[in-house]
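Undergrad: Just one file: data-v3.cif, with mmCIF, C-alpha atoms.
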data_input
loop_
_atom_site.label_atom_id
_atom_site.label_comp_id
_atom_site.auth_asym_id
_atom_site.auth_seq_id
_atom_site.Cartn_x
_atom_site.Cartn_y
_atom_site.Cartn_z
CA MET P 1 0.00 0.00 0.00
CA SER P 2 1.37 3.41 -0.95
CA LYS P 3 2.12 6.08 1.64
CA ALA P 4 -0.48 8.28 -0.07
CA THR P 5 -3.23 5.68 0.44
CA LEU P 6 -2.06 5.00 3.98
CA SER P 7 -2.30 8.73 4.69
CA ARG P 8 -6.00 8.72 3.86
CA VAL P 9 -6.89 5.70 6.00
CA PRO P 10 -7.12 7.70 9.27
CA ILE P 11 -9.32 10.23 7.47
CA TYR P 12 -11.82 7.53 6.45
CA LEU P 13 -11.64 6.02 9.89
CA ARG P 14 -12.36 9.27 11.69
CA TYR P 15 -15.28 10.02 9.39
CA LEU P 16 -16.82 6.59 9.80
CA LYS P 17 -16.49 6.62 13.56
CA GLU P 18 -17.95 10.09 13.85
CA SER P 19 -20.83 9.24 11.56
CA LEU P 20 -21.65 6.13 13.55
CA VAL P 21 -24.42 7.97 15.39
CA GLU P 22 -26.58 7.48 12.35
CA GLU P 23 -27.73 3.96 12.82
CA ASN P 24 -27.38 2.65 9.26
CA SER P 25 -25.31 -0.47 9.01
CA THR P 26 -24.18 0.34 5.46
CA ILE P 27 -22.63 3.40 3.87
CA SER P 28 -22.06 4.25 0.20
CA ALA P 29 -18.87 5.38 -1.50
CA PRO P 30 -20.42 8.68 -2.65
CA LYS P 31 -21.47 9.45 0.92
CA ILE P 32 -17.98 8.73 2.28
CA ALA P 33 -16.42 10.75 -0.55
CA LYS P 34 -18.60 13.73 0.29
CA GLY P 35 -17.93 13.37 4.01
CA VAL P 36 -14.15 13.41 3.64
CA SER P 37 -13.99 15.81 0.66
CA LEU P 38 -12.27 13.38 -1.68
CA GLY P 39 -13.19 12.15 -5.15
CA GLU P 40 -15.43 9.12 -5.39
CA VAL P 41 -13.00 7.26 -7.67
CA GLN P 42 -10.23 7.81 -5.14
CA VAL P 43 -12.38 6.57 -2.28
CA ARG P 44 -13.46 3.43 -4.12
CA LYS P 45 -9.87 2.68 -5.06
CA ASP P 46 -8.54 3.18 -1.53
CA LEU P 47 -11.29 1.17 0.13
CA SER P 48 -10.98 -1.71 -2.33
CA LEU P 49 -7.33 -2.02 -1.26
CA VAL P 50 -8.23 -2.04 2.41
CA SER P 51 -11.55 -3.82 2.54
CA GLY P 52 -12.63 -5.07 -0.88
CA ARG P 53 -15.35 -3.59 -3.03
CA GLY P 54 -18.62 -2.19 -1.80
CA LYS P 55 -21.84 -3.92 -2.85
CA PRO P 56 -23.88 -2.30 -5.65
CA ARG P 57 -26.67 -0.10 -4.24
CA THR P 58 -25.94 -0.82 -0.57
CA GLY P 59 -22.25 0.12 -0.36
CA TYR P 60 -19.98 -0.97 2.49
CA GLN P 61 -20.80 -2.72 5.76
CA ARG P 62 -19.88 0.06 8.11
CA ALA P 63 -18.67 -2.07 11.04
CA GLN P 64 -16.56 -4.30 8.81
CA LEU P 65 -15.06 -1.31 7.02
CA ILE P 66 -14.03 0.27 10.33
CA LYS P 67 -12.48 -3.02 11.40
CA ASP P 68 -10.56 -3.37 8.14
CA LEU P 69 -9.31 0.23 8.28
CA GLU P 70 -8.16 -0.28 11.87
CA ASN P 71 -6.38 -3.48 10.95
CA CYS P 72 -4.71 -1.71 8.07
CA LEU P 73 -3.22 0.83 10.48
CA GLY P 74 -2.47 -1.83 13.03
CA ALA P 75 -4.48 0.19 15.53
CA SER P 76 -6.13 -2.92 16.86
CA ASN P 77 -2.74 -4.55 17.36
CA LEU P 78 -0.38 -1.82 18.51
CA THR P 79 3.33 -2.11 17.87
CA ASN P 80 5.46 -1.12 20.86
CA ALA P 81 8.19 1.49 20.47
CA VAL P 82 10.76 3.09 22.73
CA LEU P 83 12.40 6.48 22.31
CA VAL P 84 15.97 7.35 23.26
CA GLY P 85 16.89 10.98 23.94
CA ALA P 86 14.41 12.87 26.10
CA GLY P 87 15.36 16.37 25.03
CA LYS P 88 12.85 18.83 23.62
CA LEU P 89 12.07 16.90 20.44
CA GLY P 90 12.00 13.57 22.27
CA SER P 91 9.67 14.95 24.93
CA ALA P 92 7.43 16.44 22.25
CA LEU P 93 7.10 13.02 20.60
CA LEU P 94 6.51 11.31 23.95
CA GLU P 95 3.73 13.73 24.76
CA TYR P 96 2.11 13.57 21.34
CA GLY P 97 -0.92 11.35 21.62
CA GLY P 98 -1.50 10.81 17.91
CA PHE P 99 0.64 7.78 17.18
CA GLU P 100 -1.70 5.12 18.55
CA GLU P 101 -4.23 6.01 15.90
CA PHE P 102 -1.53 4.95 13.44
CA GLY P 103 -0.78 1.64 15.15
CA VAL P 104 2.23 2.53 17.30
CA ARG P 105 2.51 3.05 21.05
CA ILE P 106 5.64 4.69 22.48
CA VAL P 107 5.78 2.82 25.76
CA ALA P 108 8.84 4.47 27.28
CA GLY P 109 11.49 7.14 26.85
CA PHE P 110 15.14 6.66 27.80
CA ASP P 111 17.94 9.08 28.51
CA CYS P 112 21.44 8.89 29.97
CA ASN P 113 21.21 12.21 31.82
CA GLN P 114 20.31 11.51 35.45
CA GLU P 115 18.89 14.99 35.87
CA VAL P 116 16.46 14.47 32.97
CA ILE P 117 15.50 11.05 34.31
CA ASN P 118 14.65 12.41 37.76
CA SER P 119 13.02 15.67 36.80
CA SER P 120 10.86 14.67 33.88
CA LYS P 121 7.10 14.68 34.17
CA ASN P 122 6.94 11.66 31.89
CA ALA P 123 8.51 8.44 33.03
CA ILE P 124 11.99 8.61 31.55
CA LEU P 125 14.14 5.59 32.28
CA SER P 126 17.89 5.18 32.36
CA VAL P 127 19.41 3.68 29.20
CA ASP P 128 21.15 1.24 31.53
CA VAL P 129 17.91 -0.74 31.78
CA ILE P 130 16.88 -0.52 28.11
CA GLN P 131 17.93 -4.07 27.22
CA ASP P 132 15.79 -5.69 29.90
CA PHE P 133 12.92 -3.34 29.17
CA CYS P 134 12.89 -4.16 25.47
CA SER P 135 12.91 -7.91 25.94
CA GLU P 136 10.17 -7.73 28.56
CA ASN P 137 7.92 -5.47 26.51
CA ASP P 138 8.22 -6.84 22.98
CA ILE P 139 9.67 -3.61 21.56
CA LYS P 140 9.71 -3.55 17.76
CA ILE P 141 10.58 0.09 16.99
CA GLY P 142 13.36 2.34 18.31
CA ILE P 143 13.07 6.11 17.92
CA ILE P 144 16.32 8.08 18.09
CA THR P 145 16.18 11.72 19.21
CA VAL P 146 19.68 12.09 20.59
CA GLY P 147 22.34 14.33 19.03
CA GLN P 148 24.35 13.43 15.98
CA GLY P 149 27.38 12.40 18.04
CA SER P 150 25.75 9.53 19.89
CA ALA P 151 23.12 8.45 17.35
CA GLN P 152 25.05 5.49 15.92
CA ALA P 153 25.88 4.13 19.38
CA VAL P 154 22.22 4.41 20.39
CA CYS P 155 21.21 2.75 17.13
CA ASP P 156 23.60 -0.17 17.76
CA LYS P 157 22.19 -0.54 21.27
CA LEU P 158 18.60 -0.60 19.98
CA VAL P 159 19.52 -3.19 17.36
CA ALA P 160 21.14 -5.29 20.08
CA CYS P 161 17.87 -4.96 22.00
CA GLY P 162 16.12 -6.63 19.08
CA VAL P 163 14.16 -3.77 17.49
CA LYS P 164 13.06 -4.41 13.92
CA ALA P 165 12.92 -0.76 12.82
CA ILE P 166 14.71 2.49 13.62
CA TRP P 167 13.17 5.95 13.22
CA ASN P 168 16.08 8.39 13.32
CA PHE P 169 15.73 12.14 13.89
CA ALA P 170 19.46 12.82 14.35
CA PRO P 171 20.79 14.60 11.26
CA CYS P 172 23.25 11.88 10.28
CA THR P 173 23.33 8.67 8.31
CA LEU P 174 23.13 5.50 10.38
CA SER P 175 24.08 2.00 9.44
CA VAL P 176 21.92 -0.90 10.49
CA PRO P 177 22.36 -4.61 9.85
CA GLN P 178 20.34 -6.30 7.13
CA GLY P 179 16.83 -7.11 8.27
CA VAL P 180 16.46 -3.93 10.32
CA LEU P 181 14.43 -1.15 8.73
CA LEU P 182 15.74 2.41 8.89
CA LYS P 183 13.66 5.53 8.36
CA GLN P 184 15.67 8.74 8.36
CA GLU P 185 13.52 11.75 9.25
CA ARG P 186 14.99 14.82 7.59
CA LEU P 187 13.08 17.83 8.86
CA ALA P 188 15.61 20.30 7.49
CA LEU P 189 15.12 18.80 4.07
CA SER P 190 11.35 19.33 4.15
CA LEU P 191 12.02 22.97 4.91
CA ALA P 192 14.65 23.26 2.18
CA HIS P 193 12.27 21.75 -0.32
CA LEU P 194 9.50 24.16 0.67
CA ASN P 195 11.96 27.04 0.44
CA SER P 196 13.08 26.01 -3.04
CA GLN P 197 9.49 26.26 -4.28
CA ILE P 198 8.94 29.86 -3.16
CA GLU P 199 9.03 32.32 -6.01
CA LYS P 200 11.54 35.00 -5.17
CA MET N 1 15.09 19.67 -8.92
CA SER N 2 13.78 16.59 -7.18
CA LYS N 3 13.73 16.23 -3.41
CA ALA N 4 16.08 13.27 -3.79
CA THR N 5 18.69 15.37 -5.59
CA LEU N 6 18.21 18.24 -3.16
CA SER N 7 18.82 15.81 -0.30
CA ARG N 8 22.27 14.99 -1.67
CA VAL N 9 23.35 18.61 -2.15
CA PRO N 10 24.37 19.13 1.51
CA ILE N 11 26.33 15.87 1.36
CA TYR N 12 28.39 17.09 -1.60
CA LEU N 13 28.80 20.45 0.02
CA ARG N 14 30.06 19.06 3.31
CA TYR N 15 32.51 16.77 1.54
CA LEU N 16 33.88 19.54 -0.68
CA LYS N 17 34.31 21.94 2.22
CA GLU N 18 36.01 19.34 4.37
CA SER N 19 38.31 18.27 1.56
CA LEU N 20 39.32 21.88 0.89
CA VAL N 21 42.48 21.41 2.90
CA GLU N 22 43.94 19.65 -0.09
CA GLU N 23 44.97 22.59 -2.18
CA ASN N 24 43.84 21.35 -5.61
CA SER N 25 41.57 23.78 -7.41
CA THR N 26 39.82 20.99 -9.31
CA ILE N 27 38.18 17.76 -8.24
CA SER N 28 36.95 14.83 -10.32
CA ALA N 29 33.56 13.11 -10.28
CA PRO N 30 35.06 9.71 -9.33
CA LYS N 31 36.85 11.33 -6.37
CA ILE N 32 33.66 13.01 -5.15
CA ALA N 33 31.70 9.79 -5.67
CA LYS N 34 34.19 7.86 -3.57
CA GLY N 35 34.25 10.57 -0.90
CA VAL N 36 30.49 10.59 -0.42
CA SER N 37 29.90 6.87 -1.08
CA LEU N 38 27.58 7.39 -4.03
CA GLY N 39 27.72 6.05 -7.58
CA GLU N 40 29.66 8.07 -10.14
CA VAL N 41 26.71 8.24 -12.54
CA GLN N 42 24.53 9.63 -9.76
CA VAL N 43 27.14 12.24 -8.83
CA ARG N 44 27.62 13.40 -12.43
CA LYS N 45 23.87 13.67 -12.90
CA ASP N 46 23.31 15.61 -9.70
CA LEU N 47 26.20 18.01 -10.26
CA SER N 48 25.21 18.67 -13.87
CA LEU N 49 21.84 19.88 -12.58
CA VAL N 50 23.46 22.17 -10.04
CA SER N 51 26.61 23.35 -11.70
CA GLY N 52 26.94 22.05 -15.26
CA ARG N 53 29.25 19.31 -16.44
CA GLY N 54 32.79 18.79 -15.26
CA LYS N 55 35.60 19.15 -17.79
CA PRO N 56 37.13 15.97 -19.21
CA ARG N 57 40.28 14.96 -17.31
CA THR N 58 40.27 17.90 -14.88
CA GLY N 59 36.77 17.62 -13.40
CA TYR N 60 35.03 20.45 -11.56
CA GLN N 61 36.35 23.79 -10.40
CA ARG N 62 36.13 23.25 -6.69
CA ALA N 63 35.39 26.83 -5.62
CA GLN N 64 32.74 27.31 -8.30
CA LEU N 65 31.11 23.99 -7.45
CA ILE N 66 30.86 24.97 -3.78
CA LYS N 67 29.34 28.31 -4.75
CA ASP N 68 26.79 26.64 -7.06
CA LEU N 69 25.83 24.08 -4.42
CA GLU N 70 25.39 26.83 -1.84
CA ASN N 71 23.26 28.85 -4.23
CA CYS N 72 21.17 25.79 -4.93
CA LEU N 73 20.35 25.50 -1.23
CA GLY N 74 19.91 29.23 -0.89
CA ALA N 75 22.51 29.15 1.89
CA SER N 76 24.15 32.27 0.54
CA ASN N 77 20.82 34.08 0.52
CA LEU N 78 18.90 32.90 3.55
CA THR N 79 15.12 32.97 3.60
CA ASN N 80 13.67 34.29 6.84
CA ALA N 81 11.09 32.24 8.75
CA VAL N 82 9.10 32.66 11.94
CA LEU N 83 7.65 29.93 14.12
CA VAL N 84 4.39 30.13 16.07
CA GLY N 85 3.90 27.88 19.08
CA ALA N 86 6.87 27.65 21.44
CA GLY N 87 5.95 24.35 23.07
CA LYS N 88 8.33 21.40 23.14
CA LEU N 89 8.35 20.76 19.40
CA GLY N 90 8.54 24.48 18.59
CA SER N 91 11.43 24.98 21.02
CA ALA N 92 13.23 21.97 19.57
CA LEU N 93 12.98 23.47 16.08
CA LEU N 94 14.08 26.90 17.34
CA GLU N 95 17.14 25.38 18.97
CA TYR N 96 18.05 23.16 16.04
CA GLY N 97 20.91 24.85 14.24
CA GLY N 98 20.77 22.83 11.04
CA PHE N 99 18.30 24.81 8.95
CA GLU N 100 20.68 27.56 7.80
CA GLU N 101 22.71 24.98 5.94
CA PHE N 102 19.54 24.41 3.94
CA GLY N 103 18.89 28.07 3.24
CA VAL N 104 16.40 28.99 5.95
CA ARG N 105 16.88 31.02 9.13
CA ILE N 106 14.20 30.91 11.83
CA VAL N 107 14.55 34.47 13.07
CA ALA N 108 11.95 34.41 15.84
CA GLY N 109 9.45 32.31 17.74
CA PHE N 110 6.03 33.53 18.82
CA ASP N 111 3.59 32.35 21.43
CA CYS N 112 0.44 33.68 23.06
CA ASN N 113 1.25 32.32 26.52
CA GLN N 114 2.76 35.15 28.59
CA GLU N 115 4.48 32.65 30.87
CA VAL N 116 6.26 31.00 27.95
CA ILE N 117 7.23 34.41 26.55
CA ASN N 118 8.82 35.54 29.81
CA SER N 119 10.47 32.32 30.90
CA SER N 120 11.95 31.06 27.66
CA LYS N 121 15.69 30.96 27.18
CA ASN N 122 15.18 31.77 23.52
CA ALA N 123 13.66 35.07 22.59
CA ILE N 124 9.97 34.24 22.26
CA LEU N 125 7.80 37.17 21.27
CA SER N 126 4.11 37.78 21.76
CA VAL N 127 1.91 37.00 18.76
CA ASP N 128 0.48 40.48 19.23
CA VAL N 129 3.57 41.93 17.51
CA ILE N 130 3.89 39.33 14.75
CA GLN N 131 2.45 41.52 11.99
CA ASP N 132 4.96 44.33 12.53
CA PHE N 133 7.79 41.86 12.98
CA CYS N 134 7.05 40.09 9.70
CA SER N 135 6.87 43.25 7.63
CA GLU N 136 10.07 44.63 9.16
CA ASN N 137 12.04 41.41 8.70
CA ASP N 138 10.97 40.20 5.26
CA ILE N 139 9.52 36.92 6.55
CA LYS N 140 8.73 34.44 3.78
CA ILE N 141 7.99 31.24 5.73
CA GLY N 142 5.68 30.58 8.68
CA ILE N 143 6.14 27.44 10.77
CA ILE N 144 3.13 26.27 12.77
CA THR N 145 3.73 24.23 15.92
CA VAL N 146 0.57 25.06 17.85
CA GLY N 147 -2.16 22.56 18.63
CA GLN N 148 -4.75 21.40 16.18
CA GLY N 149 -7.39 23.73 17.60
CA SER N 150 -5.65 27.00 16.83
CA ALA N 151 -3.63 26.01 13.75
CA GLN N 152 -6.01 27.47 11.15
CA ALA N 153 -6.25 30.80 12.99
CA VAL N 154 -2.45 30.98 13.23
CA CYS N 155 -2.21 30.06 9.55
CA ASP N 156 -4.61 32.85 8.59
CA LYS N 157 -2.60 35.30 10.68
CA LEU N 158 0.66 34.27 9.01
CA VAL N 159 -0.90 34.60 5.57
CA ALA N 160 -2.12 38.08 6.53
CA CYS N 161 1.48 38.84 7.56
CA GLY N 162 2.52 38.09 3.98
CA VAL N 163 4.33 34.76 4.28
CA LYS N 164 4.67 32.85 1.01
CA ALA N 165 4.87 29.38 2.54
CA ILE N 166 3.48 27.52 5.56
CA TRP N 167 5.14 24.52 7.20
CA ASN N 168 2.48 22.93 9.39
CA PHE N 169 3.18 20.42 12.16
CA ALA N 170 -0.32 20.47 13.64
CA PRO N 171 -2.09 17.21 12.77
CA CYS N 172 -4.87 18.82 10.75
CA THR N 173 -5.54 20.00 7.22
CA LEU N 174 -5.17 23.75 6.70
CA SER N 175 -6.53 25.88 3.91
CA VAL N 176 -4.41 28.61 2.41
CA PRO N 177 -5.21 31.06 -0.38
CA GLN N 178 -3.87 30.44 -3.86
CA GLY N 179 -0.26 31.55 -4.19
CA VAL N 180 0.70 30.42 -0.69
CA LEU N 181 2.57 27.13 -0.45
CA LEU N 182 1.57 24.60 2.19
CA LYS N 183 3.71 21.75 3.44
CA GLN N 184 1.98 19.43 5.87
CA GLU N 185 4.45 17.57 8.08
CA ARG N 186 2.93 14.26 9.11
CA LEU N 187 5.24 12.66 11.62
CA ALA N 188 2.69 10.07 12.68
CA LEU N 189 2.42 8.98 9.09
CA SER N 190 6.16 8.37 8.79
CA LEU N 191 5.92 6.14 11.81
CA ALA N 192 2.83 4.35 10.47
CA HIS N 193 4.59 3.72 7.19
CA LEU N 194 7.65 2.34 8.95
CA ASN N 195 5.41 0.16 11.11
CA SER N 196 3.58 -1.21 8.07
CA GLN N 197 6.89 -2.46 6.63
CA ILE N 198 7.88 -4.50 9.69
CA GLU N 199 7.44 -8.21 9.16
CA LYS N 200 5.32 -9.52 11.99
#
Translate this file's structure into structure tokens.
TA:
Amino acid sequence: MSKATLSRVPIYLRYLKESLVEENSTISAPKIAKGVSLGEVQVRKDLSLVSGRGKPRTGYQRAQLIKDLENCLGASNLTNAVLVGAGKLGSALLEYGGFEEFGVRIVAGFDCNQEVINSSKNAILSVDVIQDFCSENDIKIGIITVGQGSAQAVCDKLVACGVKAIWNFAPCTLSVPQGVLLKQERLALSLAHLNSQIEK
Amino acid sequence: MSKATLSRVPIYLRYLKESLVEENSTISAPKIAKGVSLGEVQVRKDLSLVSGRGKPRTGYQRAQLIKDLENCLGASNLTNAVLVGAGKLGSALLEYGGFEEFGVRIVAGFDCNQEVINSSKNAILSVDVIQDFCSENDIKIGIITVGQGSAQAVCDKLVACGVKAIWNFAPCTLSVPQGVLLKQERLALSLAHLNSQIEK
């Protein structure tokens, strides 16, 4: 499934859940399209990937469609993640409540700074206990929000802890062994790209 | 220029600047390719977009190539940006020093919370003065790091201040008038996409 399709799944899901007050058990593609302000062709195409085709005249079974959309996002079967580096960006991600809707739960944050560990409002744990924590909590994703200088060491540690995917915010290239997914988040690049499109 | 090419420009630039200690005035494509661990074909293609072709046998004029790469990123002619919403994410972006390398300088942060304005280490200004600030400082980009509930109002304010582009981190869809660029940053979506690729 493309990232573009995936990006629309939460939109359908929110609409369907909000419209649940109307007690119909089915809903048509044109109605969904209107509700989410997307083209009908687009909606049919997206939903056929997630849930199969709607029935002529009646449309989609609403409950089943919601279930299929949730499964698609993994929201009914959350993947556990940990975050390392509880600075400003790390704390912002820890506090952000919107990831569960997309199938991921950040279950803990780690830092090596004792002051951060003690003073934080959120539960920040010492990296010394990360290995045990990961094996006890079936952690699949590691999020790196430390500085450039320690990112590779943190990455190696997370890999040793058995994570299957790394989401790296440090502005540097990491190497991971085969079989581990790496997503490099390049915020500066988004901004540069936006900047390059401005007519000057 | 594609985002992929743009993403490699800072890599070339860093390599060329670091290798400047060697006093040669020219540098060849194979040497650059080796230095940045990219394929030679890729390097030639990228650099021809930015700076024209290298000369047979001698390669590129190093100083000119650096200048062209810098121009490409706009690093020699920085675009001014402001940020609204000095929470954790906003503060993290304000403190991040890596945007200038990509041609953008965040010159000020704004918030409406008087406590944040007074207590912040960074200079956070009151949104009450944003209009004057933007016209005095030639602000082209507005970065939105407020919550979902006030994002559209902040967006409208920034547009009224004359920004040409909006970079929105709030997890909601904004509408902007024609002629204003909008880049929606969807961090949760990056994570969802990564999660969907993990074999379970």
Undergrad: Output as a PDB file with C-alpha atoms, in the coordinates of the input the set of chain N residues within 8 Å of chain P, with distances taken over all atoms listed in the file.
TA:
ATOM      1  CA  LYS N   3      13.730  16.230  -3.410  1.00  0.00           C
ATOM      2  CA  LEU N   6      18.210  18.240  -3.160  1.00  0.00           C
ATOM      3  CA  SER N   7      18.820  15.810  -0.300  1.00  0.00           C
ATOM      4  CA  LEU N  73      20.350  25.500  -1.230  1.00  0.00           C
ATOM      5  CA  GLY N  74      19.910  29.230  -0.890  1.00  0.00           C
ATOM      6  CA  THR N  79      15.120  32.970   3.600  1.00  0.00           C
ATOM      7  CA  LYS N  88       8.330  21.400  23.140  1.00  0.00           C
ATOM      8  CA  LEU N  89       8.350  20.760  19.400  1.00  0.00           C
ATOM      9  CA  SER N  91      11.430  24.980  21.020  1.00  0.00           C
ATOM     10  CA  ALA N  92      13.230  21.970  19.570  1.00  0.00           C
ATOM     11  CA  LEU N  93      12.980  23.470  16.080  1.00  0.00           C
ATOM     12  CA  GLY N  98      20.770  22.830  11.040  1.00  0.00           C
ATOM     13  CA  PHE N  99      18.300  24.810   8.950  1.00  0.00           C
ATOM     14  CA  PHE N 102      19.540  24.410   3.940  1.00  0.00           C
ATOM     15  CA  GLY N 103      18.890  28.070   3.240  1.00  0.00           C
ATOM     16  CA  VAL N 104      16.400  28.990   5.950  1.00  0.00           C
ATOM     17  CA  ILE N 141       7.990  31.240   5.730  1.00  0.00           C
ATOM     18  CA  LYS N 164       4.670  32.850   1.010  1.00  0.00           C
ATOM     19  CA  ALA N 165       4.870  29.380   2.540  1.00  0.00           C
ATOM     20  CA  TRP N 167       5.140  24.520   7.200  1.00  0.00           C
ATOM     21  CA  LEU N 181       2.570  27.130  -0.450  1.00  0.00           C
ATOM     22  CA  LYS N 183       3.710  21.750   3.440  1.00  0.00           C
ATOM     23  CA  ALA N 188       2.690  10.070  12.680  1.00  0.00           C
ATOM     24  CA  LEU N 189       2.420   8.980   9.090  1.00  0.00           C
ATOM     25  CA  LEU N 191       5.920   6.140  11.810  1.00  0.00           C
ATOM     26  CA  ALA N 192       2.830   4.350  10.470  1.00  0.00           C
ATOM     27  CA  HIS N 193       4.590   3.720   7.190  1.00  0.00           C
ATOM     28  CA  LEU N 194       7.650   2.340   8.950  1.00  0.00           C
ATOM     29  CA  ASN N 195       5.410   0.160  11.110  1.00  0.00           C
ATOM     30  CA  SER N 196       3.580  -1.210   8.070  1.00  0.00           C
ATOM     31  CA  GLN N 197       6.890  -2.460   6.630  1.00  0.00           C
ATOM     32  CA  ILE N 198       7.880  -4.500   9.690  1.00  0.00           C
TER      33      ILE N 198
END
Undergrad: Expand the PyMOL selection byres ((chain P and resi 28) around 8) into the individual residues it matches in the shown file, reporting them as an MDAnalysis selection string.
TA: chainID P and resid 26:27 29:32 54 57:60
Undergrad: Env of Asp68 (chain P): 12 Å cut, atoms = all atoms listed in the file, seq-sep filter 6 positions within chain, self excluded. Answer as a list in words.
TA: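 The residues satisfying every condition are Val9, Pro10, Tyr12, Leu13, Leu16, Asp46, Leu47, Ser48, Leu49, Val50, Ser51, Gly52, Tyr60, Gln61, Arg62, Gly74, Ala75 and Ser76 of chain P.
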Undergrad: In Å, with one decimal, what is the gap from CA of Gly35 (chain P) to CA of Phe169 (chain N)?
TA: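 Interatomic distance, CA of Gly35 (chain P) to CA of Phe169 (chain N): 23.7 Å.
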Undergrad: Quick one: apply the PyMOL selection byres ((chain N and resi 115-130) around 10) to the file and drop the selected residues here as number ranges by chain.
TA: N: 82-87, 91, 94-95, 107-114, 131-136, 154, 157-158, 161
Undergrad: Any chance you can output those residues with C-alpha atoms as a PDB file, in the coordinates of the input?
TA:
ATOM      1  CA  VAL N  82       9.100  32.660  11.940  1.00  0.00           C
ATOM      2  CA  LEU N  83       7.650  29.930  14.120  1.00  0.00           C
ATOM      3  CA  VAL N  84       4.390  30.130  16.070  1.00  0.00           C
ATOM      4  CA  GLY N  85       3.900  27.880  19.080  1.00  0.00           C
ATOM      5  CA  ALA N  86       6.870  27.650  21.440  1.00  0.00           C
ATOM      6  CA  GLY N  87       5.950  24.350  23.070  1.00  0.00           C
ATOM      7  CA  SER N  91      11.430  24.980  21.020  1.00  0.00           C
ATOM      8  CA  LEU N  94      14.080  26.900  17.340  1.00  0.00           C
ATOM      9  CA  GLU N  95      17.140  25.380  18.970  1.00  0.00           C
ATOM     10  CA  VAL N 107      14.550  34.470  13.070  1.00  0.00           C
ATOM     11  CA  ALA N 108      11.950  34.410  15.840  1.00  0.00           C
ATOM     12  CA  GLY N 109       9.450  32.310  17.740  1.00  0.00           C
ATOM     13  CA  PHE N 110       6.030  33.530  18.820  1.00  0.00           C
ATOM     14  CA  ASP N 111       3.590  32.350  21.430  1.00  0.00           C
ATOM     15  CA  CYS N 112       0.440  33.680  23.060  1.00  0.00           C
ATOM     16  CA  ASN N 113       1.250  32.320  26.520  1.00  0.00           C
ATOM     17  CA  GLN N 114       2.760  35.150  28.590  1.00  0.00           C
ATOM     18  CA  GLN N 131       2.450  41.520  11.990  1.00  0.00           C
ATOM     19  CA  ASP N 132       4.960  44.330  12.530  1.00  0.00           C
ATOM     20  CA  PHE N 133       7.790  41.860  12.980  1.00  0.00           C
ATOM     21  CA  CYS N 134       7.050  40.090   9.700  1.00  0.00           C
ATOM     22  CA  SER N 135       6.870  43.250   7.630  1.00  0.00           C
ATOM     23  CA  GLU N 136      10.070  44.630   9.160  1.00  0.00           C
ATOM     24  CA  VAL N 154      -2.450  30.980  13.230  1.00  0.00           C
ATOM     25  CA  LYS N 157      -2.600  35.300  10.680  1.00  0.00           C
ATOM     26  CA  LEU N 158       0.660  34.270   9.010  1.00  0.00           C
ATOM     27  CA  CYS N 161       1.480  38.840   7.560  1.00  0.00           C
TER      28      CYS N 161
END
Undergrad: Could you check how far CA of Lys17 (chain P) sits from CA of Ala153 (chain N), in Å to one decimal?
TA: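 Distance reported for this atom pair: 26.3 Å.
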Undergrad: In Å, how far is it from CA of Ile66 (chain P) to CA of Ile106 (chain P)?
TA: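 Spanning CA of Ile66 (chain P) to CA of Ile106 (chain P) is a straight-line distance of 23.5 Å.
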Undergrad: Please give the centre and size of the box around region 46-51 of chain P (axis-aligned, containing every atom listed in the file, 6 Å added per side), with values in Å to one decimal and written as lines of an AutoDock Vina configuration file.
TA:
center_x = -9.4
center_y = -0.3
center_z = 0.1
size_x = 16.2
size_y = 19.0
size_z = 16.9
Undergrad: Using all atoms listed in the file for the distances, tell me which of N:Leu38, N:Ala151, N:Ala63, N:Val159 is nearest to Thr173 (chain N).
TA: N:Ala151
Undergrad: May I have the protein, DNA and RNA residues with any atom at most 6 Å from the point (27.3, 4.4, 13.1), counting only C-alpha atoms, written as a PDB file with C-alpha atoms, keeping the file's coordinate frame?
TA:
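Below is the file out_25.pdb, written as the result:
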ATOM      1  CA  GLN P 152      25.050   5.490  15.920  1.00  0.00           C
ATOM      2  CA  LEU P 174      23.130   5.500  10.380  1.00  0.00           C
ATOM      3  CA  SER P 175      24.080   2.000   9.440  1.00  0.00           C
TER       4      SER P 175
END
